[in-house]
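Let me begin by presenting the structure, written as structure tokens, before commenting on it.
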Amino acid sequence: MDDAYSTQLTAGESIEASGLEQLMALKAGDAFLVADGWGDMKGGADGLFAGDTRVLSRWTMTVGLLKPSRLSSGVSQDNVFFSCHTTNRPLPPMGGRSAPAGVMHIERRRFLWDRRMFERIQMVNHGVEDILLPLAFDFGADFADIFQVRGTPRARRGTIHAPTTDGRRVTFRYTGLDGVDRGSCLAFSEPPARLTPNRAEFMFSLPRGRSMELFIECGVDSCEAPDARRWRLNAIQARLAMRAKRRRGASVRGPRSPRFNDWLDQSRADMALLTTDLPTGPYPYAGTPWFSTPFGRDGIIAAWQMLWLDPSLAKGVLTYLASRQATETSLFQDSQPGKILHETRGGEMSALGEVPFGLYYGGVDTTCLFIALAGAYAGRTGDLELIRKLWPNLIAAADWMRDYGDSNGDGLIDYQRGADTGLSNQGWKDSEDSIFHADGRFPKGPIALLEVQGYAFAAWRALADLGERLHDDRAVEWRIRAEQVRALVEDKYWMEDEGFYAVALDGDGEPCRAIASNAGHLLFTGLPSPERARRVTRRLLSSRFRTGWGVRTLELGQARFNPMSYHNGSVWPHDTAMAAAGMAAYGERQAVAEILAEIYAAAAHFHLRLPELFCGFPRAPGEPPIAYPVACLPQAWAAGSVFLMLQASLGLSIDAWSGTVDLIDPVLPAGLQTLKIQGLHVGDASVDLDIQHVDGRAVVVPRRKQGGIAIRTLR
């Protein structure tokens, strides 16, 4: 994913050894929790995090000195609750008698709210005799920075103070090298029989047929005594908050096919889970566990995927990024005036400058995407009030494109990192080996990526459109710049012998002739001529790109191709979705519907939750897609992919300026006979759309139309 510390397995490391084989995540606001299928956190890649600091690093439960037998576990579909159902192994003798295995049902259930973990242990005796149940928890708080957890070494750390205990509480405290005191508190509803700074032991007496509950809380502030009432009230708040986020904007429902609707529900729930309501509005954080923070590129693309359904995300993203726009030049932060944020972090290492990601601007495409999203948002909503508010930020971003983004004056946006601590590659494929020449050589900088020029083209056009509406005389200049970028790309990147675009130009202006999915993003921006777009589409749809589960990031047979790599042959759902949307913009519908069906089939094998990426092996009959072992799950732009592909398949566009919703040659994927879109708002008007497959065509029927809105189906 998105920074220099992208987590990948080293050679010979097993999935199990990585500790990432069954991690289950919860998130609320800026806090998130990652644990294994039993609910245990063992101090590896897991833990309870707040402010990019691990405030609970160890939390494991044993029953009679043994790990209980797991019956099932998972996260609820709304992403609020984790639960694990277990039973006991044979219990040690108590008073001369030993309880056999399988007579105790022990449910472990938890949620996050208000930067706290709430956990309930429910114990039920299904045996024929009374039971003495020994239950124990081992715990600890190492206050490791998120980058430490991910493997970045530190020469020294601050001071971890000795934990203090108070009957049923344990308080942890750490003083960082930045002088900040960080703390957390763990509390139990019942006083343990024995409590030490790292272990709590209980002995519960359960008569046959009886049950008992233990409540536990862990948060960054002082602990109140947990109890059933606090559990219930906070659980209600957590569930209501998630429900409100899921219900923003319009809804999409398929036929009475629970699997397809479950996929839509899971994707919407994942987007809601990752969305944090900041003072500037809702912002979709990139993904868990490693990227639970605002990322510029990810936030923009996720908001764009959801724009037709829920414009509030785009408004929140634009407003937040404008508030963090760079105002000065820093090689360490890769910033220049007007540049838009790539990533922000809140931990100790970022505060001390041990890593540059406190406020880091090393993304070459984010500034262009910021302007382009503003144009798309305005066209979707007609919200000129926000555009006027953001106009100084948009002009500053355009000035960055002109003055800094084009470092060598050739008219193209390029990048070369300012410091060795930053990202060596600064497009969305930001791993070190993702950009190369056809023979595998790495290019010298500065590098001008193909898709970034498309984003720049879209940005200049958006700025020109908005400038005309705001009566800014510079609109003519901006439109000319857009056409200059188009001409440069068609001249310098097109490879007639390949019928495709080069992935980049190196510092000498030499094309990097690798054949990669970046060209799909260029289609998304509408830059290529129709004839070249058709040739690119044909190649992207060939078996050398298309796996049967989606589109590979790199064509089969290219130098450095590896279906198990991060960027050189894997399948990224968001990348496939953007390519599909680009193809649809040039009139391709049937293949886009087929790709949507393929991604759905892949999602079905991942429990209807698309991961950040998966391996790019070809689809084989009766076999699932092959997982990438350390992919983020959930991931915002993976969750949003289904909605962008649905929009592309339907050929749906919304023009708030004219109050029209157009569906151009709409197609439903095979097996999907009906689709309902409810609560689609355009300005003050709204409409529901019923889309049905009739005689091989998709027929659109407007329902419950209110206000001045026109629905047009064009063939």
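We name chains A, B, ... following the order of the structure tokens; residues begin at 1 in each chain, and ligands are numbered from 1 as shown.
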
Subject >> Residue neighbourhood Ile395 in chain A, 12 Å, only C-alpha atoms, exclusion window fewer than 6 positions, as a PyMOL selection string >> reply: chain A and resi 322+325+337-339+367-368+370-371+374+387-389+401-403+459-460+462-464+466-467+472+474-475+478

Original post:
Out of range 390-627 of chain A, which residues get helix (DSSP H, G or I) from DSSP, as JSON, numbers by chain?
Top reply: {"A": [390, 391, 392, 393, 394, 395, 396, 397, 398, 399, 400, 401, 402, 403, 404, 405, 450, 451, 452, 453, 454, 455, 456, 457, 458, 459, 460, 461, 462, 463, 464, 465, 466, 467, 468, 469, 475, 476, 477, 478, 479, 480, 481, 482, 483, 484, 485, 486, 487, 488, 489, 490, 491, 492, 518, 519, 520, 521, 522, 523, 524, 525, 530, 531, 532, 533, 534, 535, 536, 537, 538, 539, 540, 573, 574, 575, 576, 577, 578, 579, 580, 581, 582, 583, 584, 585, 590, 591, 592, 593, 594, 595, 596, 597, 598, 599, 600, 601, 602, 603, 604, 605]}

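The smallest atom-to-atom distance between Arg609 in chain A and any of A:Gly43, A:Pro573, A:Gly526, A:Gly405, using only C-alpha atoms, is found for A:Pro573.
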
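Here CA of His681 in chain A stands at a distance of 24.8 Å from CA of Asp298 in chain A.
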
Can I get the residues of range 309-417 of chain A within 8 Å of range 159-179 of chain A, each with the closest pair of atoms and their distance in Å to one decimal, using only C-alpha atoms, sorted chain first then ascending number, as a Markdown table?
| residue | atom | partner | partner_atom | distance |
| --- | --- | --- | --- | --- |
| A:Glu348 | CA | A:Asp178 | CA | 6.5 |
| A:Ala351 | CA | A:Asp178 | CA | 7.0 |
| A:Leu352 | CA | A:Asp178 | CA | 6.3 |

Original post:
Which polymer residues have any atom within 8 Å of an atom of range 358-360 of chain A, counting only C-alpha atoms, with same-chain residues fewer than 6 positions away left out, as number ranges by chain?
Top reply: A: 333-335, 341-347, 350-351

Only N, CA, C and O atoms, please: the residues just picked out, written as a compact mmCIF listing (two decimals), in the first residue's frame.
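Saved result, selection-v6.txt, follows:
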# COMPACT_ATOMS: atom_id res chain seq x y z
N GLN A 333 9.94 16.17 4.43
CA GLN A 333 8.51 15.91 4.29
C GLN A 333 8.06 15.84 2.84
O GLN A 333 6.89 15.58 2.57
N ASP A 334 8.96 16.06 1.89
CA ASP A 334 8.63 16.10 0.46
C ASP A 334 7.51 17.11 0.19
O ASP A 334 6.57 16.83 -0.56
N SER A 335 7.60 18.26 0.81
CA SER A 335 6.53 19.25 0.67
C SER A 335 7.02 20.48 -0.08
O SER A 335 8.20 20.84 -0.04
N LEU A 341 -1.49 16.69 1.00
CA LEU A 341 -1.00 15.66 1.92
C LEU A 341 -1.06 14.25 1.32
O LEU A 341 -2.05 13.88 0.69
N HIS A 342 -0.01 13.49 1.56
CA HIS A 342 -0.03 12.06 1.24
C HIS A 342 -0.47 11.23 2.44
O HIS A 342 -1.25 10.29 2.30
N GLU A 343 0.04 11.57 3.63
CA GLU A 343 -0.19 10.73 4.82
C GLU A 343 0.07 11.57 6.06
O GLU A 343 0.92 12.45 6.07
N THR A 344 -0.68 11.27 7.12
CA THR A 344 -0.40 11.89 8.40
C THR A 344 -0.42 10.84 9.49
O THR A 344 -1.21 9.89 9.44
N ARG A 345 0.45 10.99 10.48
CA ARG A 345 0.56 10.06 11.60
C ARG A 345 0.66 10.83 12.90
O ARG A 345 1.13 11.97 12.93
N GLY A 346 0.27 10.17 14.00
CA GLY A 346 0.24 10.86 15.28
C GLY A 346 1.13 10.27 16.35
O GLY A 346 1.04 10.68 17.50
N GLY A 347 1.99 9.31 16.01
CA GLY A 347 2.79 8.64 17.02
C GLY A 347 4.07 9.36 17.39
O GLY A 347 4.43 10.40 16.82
N SER A 350 6.84 9.78 14.60
CA SER A 350 6.53 10.87 13.67
C SER A 350 6.78 12.22 14.33
O SER A 350 7.32 13.14 13.70
N ALA A 351 6.38 12.34 15.60
CA ALA A 351 6.58 13.61 16.31
C ALA A 351 8.05 13.96 16.43
O ALA A 351 8.43 15.14 16.37

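You can rank A:Ile340, A:Glu490, A:Pro284, A:His607 by their closest distance to Leu394 in chain A using only C-alpha atoms, and at the top of that list sits A:Ile340.
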
Subject >> Shell around Ala585 in chain A at 12 Å using only C-alpha atoms, local window under 2 positions removed, as a ChimeraX atom specification >> reply: /A:520-530,533-534,537,578-583,587-589,592,645,647-653,663-665

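Taking only C-alpha atoms into account, Gly509 in chain A lies nearest to A:Leu449 out of the set A:Ala372, A:Leu556, A:Leu449, A:Ala482.
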
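A straight line drawn from CA of Gly418 in chain A to CA of Phe295 in chain A is 19.2 Å long.
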
Subject >> Residue contacts of Phe143 in chain A (12 Å, only C-alpha atoms) excluding same-chain residues fewer than 3 positions away, as a ChimeraX atom specification >> reply: /A:43,47-58,140,146-149,157-161,172-176,180-184,220,347-349

**OP:** Pick out the residues sitting within 10 Å of Ile595 in chain A, and hand them over as a ChimeraX atom specification; count only C-alpha atoms, and ignore anything fewer than 6 positions along from it in its own chain.
**Re:** /A:541,546-551,576-577,580,589,601,645,649,669
